[in-house]
2 protein chains.
Amino acid sequence: MKFSTNFIKTKREVSSEIESVNGKLLTKAGYIHQEMAGAYTFLPLGVRVLSKIENIVRKHMDEIASEMLMTSLHPKSLWETTKRIDSVDVLFKASGANKPSIERNSAEYILAPTHEDMVTPLMQESVLSYKDLPQYVYQIQTKFRNEARAKSGIMRGREFRMKDLYSFNKSEEDLKAFYEVAKKKYVDIFNELGIGADTFLTLASGGDFTKNYSHEFQLLLDSGEDIIYLDRANKIAYNKEINTPEDAKKLGIDFSKLEEIRASEIGNIFPLGTKYSDAFDFNYIDVDGSKKKVWMGSYGIGTSRIMGVIVEKFHDDKGIIWPAQIAPFNYHLISICKDKDSEVFQKANELYEKLQSEGKEVLWDDRFGVNPGEKFNDADLIGIPVRLVISERTLKEGKIEKKMRNSENTEMVSIESDQF
Amino acid sequence: MKFSTNFIKTKREVSSEIESVNGKLLTKAGYIHQEMAGAYTFLPLGVRVLSKIENIVRKHMDEIASEMLMTSLHPKSLWETTKRIDSVDVLFKASGANKPSIERNSAEYILAPTHEDMVTPLMQESVLSYKDLPQYVYQIQTKFRNEARAKSGIMRGREFRMKDLYSFNKSEEDLKAFYEVAKKKYVDIFNELGIGADTFLTLASGGDFTKNYSHEFQLLLDSGEDIIYLDRANKIAYNKEINTPEDAKKLGIDFSKLEEIRASEIGNIFPLGTKYSDAFDFNYIDVDGSKKKVWMGSYGIGTSRIMGVIVEKFHDDKGIIWPAQIAPFNYHLISICKDKDSEVFQKANELYEKLQSEGKEVLWDDRFGVNPGEKFNDADLIGIPVRLVISERTLKEGKIEKKMRNSENTEMVSIESDQF
């Protein structure tokens with residue numbers, strides 16, 4: 001992709017309204033554009049990162065579930081059935097915006113923050129007997145939450161992207177087994193995203209498995225909103241709801257050995273039990289002819305939130321430092337020359353075409369009239385893993401300057417090299 | 001993908017509320033699930049078709065524009081600036097759903113049916129001079145329209161998927177040139193979707209290029225909502241707004257030579273001129289230092305609508321007949337056997353693995369206790385191009401039965417064959 005023919009614009013200044021590090025850096029580097037508090041457009045660079053994150057999540061989810069895409073508009077009745085219309089305090093409603101005189105359809109809808117209330121009756125229509133179970137479905141979709149405050153960039157927004165998986169099992173035992181499968185997939189996902197080493201499975205609330213029990217995946221992060229209590233050796237943690245020596249004792253943990261540390265939630269999993277199948281009276285006929293409740297679980301990952309968290313985790317004072325697997329491009333190519341007739345431009349073009357023909361993704365800063373310092377600053381800000389510079393100086397030696405974003409060192413590589 | 005481990009459920013009956021052919025067939029075949037009038041969930045089979053359509057659109061759009069993802073929630077002020085808050089009669093608004101006592105954020109938003117009102121000020125922030133133009137951006141996204149009636153299945157919904165492209169040029173001349181580029185890309189897209197031959201560029205309204213002028217792409221369709229006047233030889237058409245002999249004369253057309261025919265709109269393109277840059281006072285500084293208005297265009301394709309239209313176009317009384325390039329799978333494999341220990345099941349499993357290792361997509365109806373007739377009916381309903389059947393009967397001859405969905409003939413192919 002070329003700077004000259006695509007919508008890629010970095011900014012020197014960012015509105016003081018944007019307070020978080022991820023909001024500031026992603027805005028300056030041209031990944032996102034704030035439309036209002038808590039709602040960000042993903043610009044071309046941002047769509048590339050978000051798609052890479054979502055495709056990693058999708059790849060692992062496809063191994064255990066079927067992808068679907070539910071609607072964002074929900075009939076209000078679903079949320080009345082579960083009584084969540086009263087208990088969920090971040091709900092948006094939607095309705096016709098026109099004057100009564102031209103009213104076309106006066107129904108009120110809920111704009112969904114999550115889909116238990118829709119997926120349960122959907123499954124109920126098709127799942128009648130034990131032969132129809134288990135079922136595992138997921139989606140990757142835009143969600144809506146009317147957050148009171150929305151100051152965390154894309155880490156917590158009123159409109160955001162999320163993967164949500166729902167499991168339907170015959171029994172608590174089957175649910176428990178799938179819960180462990182989902183846990184492992186989450187570990188695989190965070191490993192592949194480059195944040196596995198600092199991510200800890202965190203018991204978010206204790207108690208009975210399906211009553212007051214859930215897990216979070218927490219990424220250690222100085223700017224994280226949460227405090228967790230970490231048992232580093234066993235790679236497990238507890239959140240602040242079970243942070244007293246007494247709580248710890250109940251769980252058989254020596255509280256004095258836990259490390260108090262800041263972290264940020266990047267995923268959560270809930271054994272829902274029969275909460276929703278009770279609400280909708282969702283039963284199946286078991287092999288012995290008896291009627292039984294379906295056991296459910298739900299499993300979330302905020303994909304846009306992950307993007308924000310990764311920026312909070314991997315940056316320096318110059319800009320973002322993307323893990324390679326989710327960087328918008330593999331290479332940031334800079335040509336330093338006056339016009340298209342120059343040898344530098346020709347060689348840069350050849351390299352751009354060659355790398356792309358090898359399946360590499362290249363962002364080429366092919367702008368004229370922009371000084372080298374500005375191009376280098378933009379490269380640091382944008383944070384692509386490898387920077388390649390071609391100029392008259394490097395060409396004199398038949399070389400290209402190569403620099404990794406996460407290193408201060410540059411090296412000169414032969415332009416004929418097959419290895420960048 | 002296996003029937004036994006994925007959420008794939010066909011239905012014999014469909015609610016009488018669902019009136020359209022596409023709504024009925026897609027529901028029966030397990031592609032979509034109606035959540036309420038005009039809002040459909042895409043089930044696993046449906047997501048596959050929708051993704052294939054959207055990826056074809058994306059591939060062609062990437063050649064002329066940069067992909068972004070704007071927000072669905074819009075500040076009301078944007079729609080007040082363009083005055084469209086009063087003129088667009090299908091607007092949804094969104095706001096907090098909670099009781100005033102726990103109100104968290106009382107702002108009202110517009111839930112966007114289209115994004116001219118957002119993309120114009122977004123571009124205005126970054127486009128300052130002639131050096132910043134042209135810009136071409138697009139997105140593929142869920143859109144919301146409060147339709148009065150929503151009875152056309154996924155052809156016209158209150159929540160639907162759409163690709164929208166926006167162009168920003170320095171002059172009317174540049175806009176005209178890009179308008180032609182976009183037209184050609186649309187033709188490429190419809191050709192690749194398998195509906196090019198019956199798709200006609202249709203002048204939707206005449207007059208000045210940027211005042212009362214737009215084009216639709218209309219697909220000939222017996223169940224189409226529109227009537228167009230077709231000049232088949234020149235592959236161009238006119239819609240009913242310019243359907244009188246006088247109108248035709250003005251355009252230099254012999255009205256008597258036009259064919260009146262039913263069709264369905266599958267894309268539309270509008271030269272917006274300076275309508276939105278006037279509303280936002282969006283100017284750029286030209287090379288001579290003078291201030292000029294930016295010239296815009298917008299270009300839409302409803303990707304979920306296309307899915308519906310294709311079902312209306314390609315089906316018979318047994319079910320859907322997908323064009324190969326957007327079918328959910330390449331092969332529908334049916335095993336007819338009693339259990340997993342049977343030779344039939346083993347051979348089917350080998351073929352399933354082999355085809356997938358070759359990069360082919362296979363839906364395997366591996367269910368037990370479902371009679372062959374039911375499996376054949378499901379295959380016809382689902383509409384995958386190639387059906388393969390393995391049974392004791394076919395195995396006796398060392399063969400597999402192969403049948404194309406669009407043909408009545410079956411043929412026996414050696415199980416060792418490399419060509420299915």
# chains A, B, ... in the order shown; residues from 1 in each chain; ligands from 1
call {"tool": "select_by_dssp", "arguments": {"residues": "region 337-389 of chain B", "states": "helix (DSSP H, G or I)", "output": "list in words"}}
result
Glu343, Val344, Phe345, Gln346, Lys347, Ala348, Asn349, Glu350, Leu351, Tyr352, Glu353, Lys354, Leu355, Gln356, Ser357, Pro372, Gly373, Glu374, Lys375, Phe376, Asn377, Asp378, Ala379, Asp380, Leu381 and Ile382 of chain B
call {"tool": "select_by_dssp", "arguments": {"residues": "region 36-255 of chain B", "states": "strand (DSSP E or B)", "output": "ChimeraX atom specification"}}
result
/B:36,39-42,66-67,69,73-75,92-96,108-111,129,135-144,159-169,199-205,214-220,226-231,236-239
call {"tool": "write_last_selection", "arguments": {"atoms": "C-alpha atoms", "output": "PDB file, in the first residue's frame"}}
result
ATOM      1  CA  MET B  36     -38.182  -9.965  13.722  1.00  0.00           C
ATOM      2  CA  ALA B  39     -33.848  -8.448  10.762  1.00  0.00           C
ATOM      3  CA  TYR B  40     -32.193 -11.774  10.092  1.00  0.00           C
ATOM      4  CA  THR B  41     -29.385 -13.630  11.812  1.00  0.00           C
ATOM      5  CA  PHE B  42     -26.914 -15.261   9.437  1.00  0.00           C
ATOM      6  CA  SER B  66      -8.807   1.966   1.101  1.00  0.00           C
ATOM      7  CA  GLU B  67     -11.000  -0.028   3.471  1.00  0.00           C
ATOM      8  CA  LEU B  69     -14.818   0.896   9.291  1.00  0.00           C
ATOM      9  CA  LEU B  73     -23.601   5.440  16.138  1.00  0.00           C
ATOM     10  CA  HIS B  74     -23.475   8.972  14.741  1.00  0.00           C
ATOM     11  CA  PRO B  75     -23.668  12.228  16.656  1.00  0.00           C
ATOM     12  CA  PHE B  92     -33.278   5.080  13.560  1.00  0.00           C
ATOM     13  CA  LYS B  93     -32.165   6.934  16.675  1.00  0.00           C
ATOM     14  CA  ALA B  94     -30.451   5.342  19.675  1.00  0.00           C
ATOM     15  CA  SER B  95     -30.189   6.421  23.290  1.00  0.00           C
ATOM     16  CA  GLY B  96     -29.762   4.994  26.779  1.00  0.00           C
ATOM     17  CA  GLU B 108     -29.206  10.695  21.431  1.00  0.00           C
ATOM     18  CA  TYR B 109     -27.494   9.222  18.395  1.00  0.00           C
ATOM     19  CA  ILE B 110     -28.438   8.386  14.827  1.00  0.00           C
ATOM     20  CA  LEU B 111     -27.990   4.744  13.846  1.00  0.00           C
ATOM     21  CA  SER B 129      -4.773  21.041  -0.127  1.00  0.00           C
ATOM     22  CA  GLN B 135      -9.170  10.165  -1.655  1.00  0.00           C
ATOM     23  CA  TYR B 136     -11.198   6.974  -2.056  1.00  0.00           C
ATOM     24  CA  VAL B 137     -12.418   5.043   0.985  1.00  0.00           C
ATOM     25  CA  TYR B 138     -14.925   2.274   1.493  1.00  0.00           C
ATOM     26  CA  GLN B 139     -16.295   0.018   4.202  1.00  0.00           C
ATOM     27  CA  ILE B 140     -18.316  -3.194   4.472  1.00  0.00           C
ATOM     28  CA  GLN B 141     -20.644  -2.888   7.409  1.00  0.00           C
ATOM     29  CA  THR B 142     -24.001  -3.432   9.069  1.00  0.00           C
ATOM     30  CA  LYS B 143     -26.472  -0.658   8.276  1.00  0.00           C
ATOM     31  CA  PHE B 144     -29.830   0.279   9.807  1.00  0.00           C
ATOM     32  CA  GLU B 159     -30.653  -4.257   9.549  1.00  0.00           C
ATOM     33  CA  PHE B 160     -28.515  -5.297   6.605  1.00  0.00           C
ATOM     34  CA  ARG B 161     -24.975  -5.496   5.255  1.00  0.00           C
ATOM     35  CA  MET B 162     -23.619  -2.963   2.792  1.00  0.00           C
ATOM     36  CA  LYS B 163     -20.464  -1.910   1.026  1.00  0.00           C
ATOM     37  CA  ASP B 164     -20.276   1.861   0.701  1.00  0.00           C
ATOM     38  CA  LEU B 165     -17.517   3.682  -1.163  1.00  0.00           C
ATOM     39  CA  TYR B 166     -16.958   7.450  -1.024  1.00  0.00           C
ATOM     40  CA  SER B 167     -14.853   9.439  -3.482  1.00  0.00           C
ATOM     41  CA  PHE B 168     -13.300  12.872  -2.969  1.00  0.00           C
ATOM     42  CA  ASN B 169     -11.975  14.742  -6.008  1.00  0.00           C
ATOM     43  CA  THR B 199     -27.164  -7.072 -14.976  1.00  0.00           C
ATOM     44  CA  PHE B 200     -27.763  -3.766 -16.712  1.00  0.00           C
ATOM     45  CA  LEU B 201     -26.505  -0.310 -15.949  1.00  0.00           C
ATOM     46  CA  THR B 202     -29.659   1.740 -15.561  1.00  0.00           C
ATOM     47  CA  LEU B 203     -29.963   5.481 -15.695  1.00  0.00           C
ATOM     48  CA  ALA B 204     -32.030   6.104 -12.575  1.00  0.00           C
ATOM     49  CA  SER B 205     -32.524   9.806 -13.005  1.00  0.00           C
ATOM     50  CA  SER B 214     -27.543   8.521 -10.698  1.00  0.00           C
ATOM     51  CA  HIS B 215     -27.139   5.009 -11.956  1.00  0.00           C
ATOM     52  CA  GLU B 216     -28.469   1.730 -10.696  1.00  0.00           C
ATOM     53  CA  PHE B 217     -27.281  -1.720 -11.574  1.00  0.00           C
ATOM     54  CA  GLN B 218     -30.420  -3.752 -12.213  1.00  0.00           C
ATOM     55  CA  LEU B 219     -30.533  -7.523 -12.385  1.00  0.00           C
ATOM     56  CA  LEU B 220     -33.308  -8.971 -14.569  1.00  0.00           C
ATOM     57  CA  ASP B 226     -38.664  -2.522 -10.296  1.00  0.00           C
ATOM     58  CA  ILE B 227     -39.625  -2.144 -13.932  1.00  0.00           C
ATOM     59  CA  ILE B 228     -36.884  -1.022 -16.261  1.00  0.00           C
ATOM     60  CA  TYR B 229     -36.788  -0.122 -19.947  1.00  0.00           C
ATOM     61  CA  LEU B 230     -34.078  -2.099 -21.587  1.00  0.00           C
ATOM     62  CA  ASP B 231     -31.913  -1.416 -24.612  1.00  0.00           C
ATOM     63  CA  ILE B 236     -28.113  -0.100 -20.996  1.00  0.00           C
ATOM     64  CA  ALA B 237     -31.471   0.566 -19.389  1.00  0.00           C
ATOM     65  CA  TYR B 238     -33.643   3.335 -18.000  1.00  0.00           C
ATOM     66  CA  ASN B 239     -35.805   3.182 -14.933  1.00  0.00           C
TER      67      ASN B 239
END
call {"tool": "residues_around", "arguments": {"residues": "Asn283 (chain B)", "least_positions_apart": "4", "cutoff": "9 Å", "atoms": "only C-alpha atoms", "output": "PDB file with C-alpha atoms, in the first residue's frame"}}
result
ATOM      1  CA  GLN B 124     -12.252  17.450   6.009  1.00  0.00           C
ATOM      2  CA  VAL B 127      -7.684  16.995   3.382  1.00  0.00           C
ATOM      3  CA  LEU B 128      -6.399  20.533   3.245  1.00  0.00           C
ATOM      4  CA  SER B 129      -4.773  21.041  -0.127  1.00  0.00           C
ATOM      5  CA  SER B 277     -18.921  19.649   0.916  1.00  0.00           C
ATOM      6  CA  ASP B 278     -21.309  22.619   0.777  1.00  0.00           C
ATOM      7  CA  LYS B 291     -10.073  27.839  -2.187  1.00  0.00           C
ATOM      8  CA  LYS B 292     -12.231  25.229  -3.907  1.00  0.00           C
ATOM      9  CA  LYS B 293     -15.006  22.810  -2.969  1.00  0.00           C
ATOM     10  CA  VAL B 294     -14.304  19.088  -2.887  1.00  0.00           C
TER      11      VAL B 294
END
call {"tool": "residues_around", "arguments": {"residues": "region 385-401 of chain A", "least_positions_apart": "4", "cutoff": "6 Å", "atoms": "only C-alpha atoms", "output": "list in words"}}
result
Tyr331, His332, Leu333, Ile334, Ser335, Ile336, Val344, Arg405, Glu411, Met412, Val413, Ser414 and Ile415 of chain A
call {"tool": "closest_residue", "arguments": {"among": "A:Ser152, A:Asn406, A:Thr274, A:Thr120", "to": "chain B", "atoms": "only C-alpha atoms"}}
result
A:Thr120
call {"tool": "atom_distance", "arguments": {"atom1": "CA of Gln346 (chain B)", "atom2": "CA of Phe3 (chain B)"}}
result
16.1 Å
call {"tool": "residues_around", "arguments": {"residues": "Ser15 (chain A)", "least_positions_apart": "4", "cutoff": "12 Å", "atoms": "only C-alpha atoms", "output": "PDB file with C-alpha atoms, in the first residue's frame"}}
result
ATOM      1  CA  LYS A  11      -1.232  13.786  13.133  1.00  0.00           C
ATOM      2  CA  GLU A  19      -6.683  10.926  27.389  1.00  0.00           C
ATOM      3  CA  SER A  20      -5.536   7.313  27.118  1.00  0.00           C
ATOM      4  CA  GLY A  23      -6.340   6.574  22.082  1.00  0.00           C
ATOM      5  CA  LYS A  24      -3.567   9.144  21.612  1.00  0.00           C
ATOM      6  CA  LEU A  25      -1.067   6.910  19.797  1.00  0.00           C
ATOM      7  CA  THR A  27      -5.070   8.620  16.615  1.00  0.00           C
ATOM      8  CA  LYS A  28      -1.685  10.247  15.959  1.00  0.00           C
ATOM      9  CA  HIS A  33     -10.576   8.593  14.348  1.00  0.00           C
ATOM     10  CA  GLN A  34     -12.732   9.575  17.291  1.00  0.00           C
ATOM     11  CA  GLU A  35     -16.306  10.289  16.173  1.00  0.00           C
ATOM     12  CA  MET A  36     -17.446  11.091  19.689  1.00  0.00           C
ATOM     13  CA  ALA A  37     -16.639   9.897  23.213  1.00  0.00           C
TER      14      ALA A  37
END
call {"tool": "residues_around", "arguments": {"residues": "Asp86 (chain A)", "least_positions_apart": "4", "cutoff": "10 Å", "atoms": "only C-alpha atoms", "output": "PyMOL selection string"}}
result
(chain A and resi 79-80+82+91) or (chain B and resi 97-99)
call {"tool": "residues_around", "arguments": {"residues": "region 361-374 of chain A", "least_positions_apart": "3", "cutoff": "10 Å", "atoms": "only C-alpha atoms", "output": "tab-separated table (two decimals) with C-alpha atoms, in the first residue's frame"}}
result
chain	number	residue	atom	x	y	z
A	1	MET	CA	0.00	0.00	0.00
A	2	LYS	CA	1.30	3.42	-0.95
A	3	PHE	CA	1.03	6.55	1.16
A	4	SER	CA	0.39	8.57	-1.99
A	5	THR	CA	-2.75	6.75	-3.09
A	8	ILE	CA	-3.02	7.34	5.56
A	45	LEU	CA	-4.30	1.10	8.95
A	327	ALA	CA	1.17	-5.33	12.52
A	328	PRO	CA	-0.67	-3.66	9.62
A	329	PHE	CA	2.29	-4.46	7.34
A	330	ASN	CA	5.50	-6.47	7.50
A	331	TYR	CA	7.67	-3.68	6.06
A	332	HIS	CA	7.67	0.09	6.17
A	333	LEU	CA	9.57	1.15	3.06
A	334	ILE	CA	10.83	4.73	2.85
A	335	SER	CA	12.17	6.25	-0.35
A	336	ILE	CA	14.10	9.50	-0.03
A	337	CYS	CA	14.12	11.20	-3.40
A	338	LYS	CA	12.78	14.19	-5.29
A	339	ASP	CA	10.70	12.66	-8.05
A	340	LYS	CA	9.57	9.56	-9.91
A	345	PHE	CA	12.34	5.86	-6.71
A	348	ALA	CA	12.17	1.46	-4.28
A	349	ASN	CA	9.41	0.58	-6.71
A	351	LEU	CA	11.70	-3.63	-4.14
A	352	TYR	CA	8.05	-2.81	-3.34
A	353	GLU	CA	6.87	-5.02	-6.20
A	355	LEU	CA	8.44	-8.04	-1.71
A	356	GLN	CA	4.74	-8.05	-2.55
A	357	SER	CA	5.22	-10.75	-5.17
A	358	GLU	CA	6.74	-12.82	-2.35
A	377	ASN	CA	9.01	9.90	12.75
A	378	ASP	CA	5.93	8.55	10.99
A	379	ALA	CA	7.54	5.10	10.72
A	380	ASP	CA	8.28	5.09	14.47
A	384	ILE	CA	5.62	-1.62	11.67
A	386	VAL	CA	10.83	-3.60	9.90
A	387	ARG	CA	11.81	-0.24	8.39
A	388	LEU	CA	13.66	-0.18	5.05
A	389	VAL	CA	15.18	3.05	3.72
A	391	SER	CA	18.23	6.91	-0.56
call {"tool": "atom_distance", "arguments": {"atom1": "CA of Arg158 (chain A)", "atom2": "CA of Asn146 (chain A)"}}
result
5.4 Å
call {"tool": "closest_residue", "arguments": {"among": "A:Trp295, A:Tyr31, A:Phe280, A:Phe270", "to": "chain B", "atoms": "only C-alpha atoms"}}
result
A:Tyr31
call {"tool": "atom_distance", "arguments": {"atom1": "CA of Gly267 (chain A)", "atom2": "CA of Tyr186 (chain A)"}}
result
7.9 Å
call {"tool": "closest_residue", "arguments": {"among": "B:Ser264, B:Ser106, B:Asn55, B:Ser16", "to": "chain A", "atoms": "only C-alpha atoms"}}
result
B:Ser106
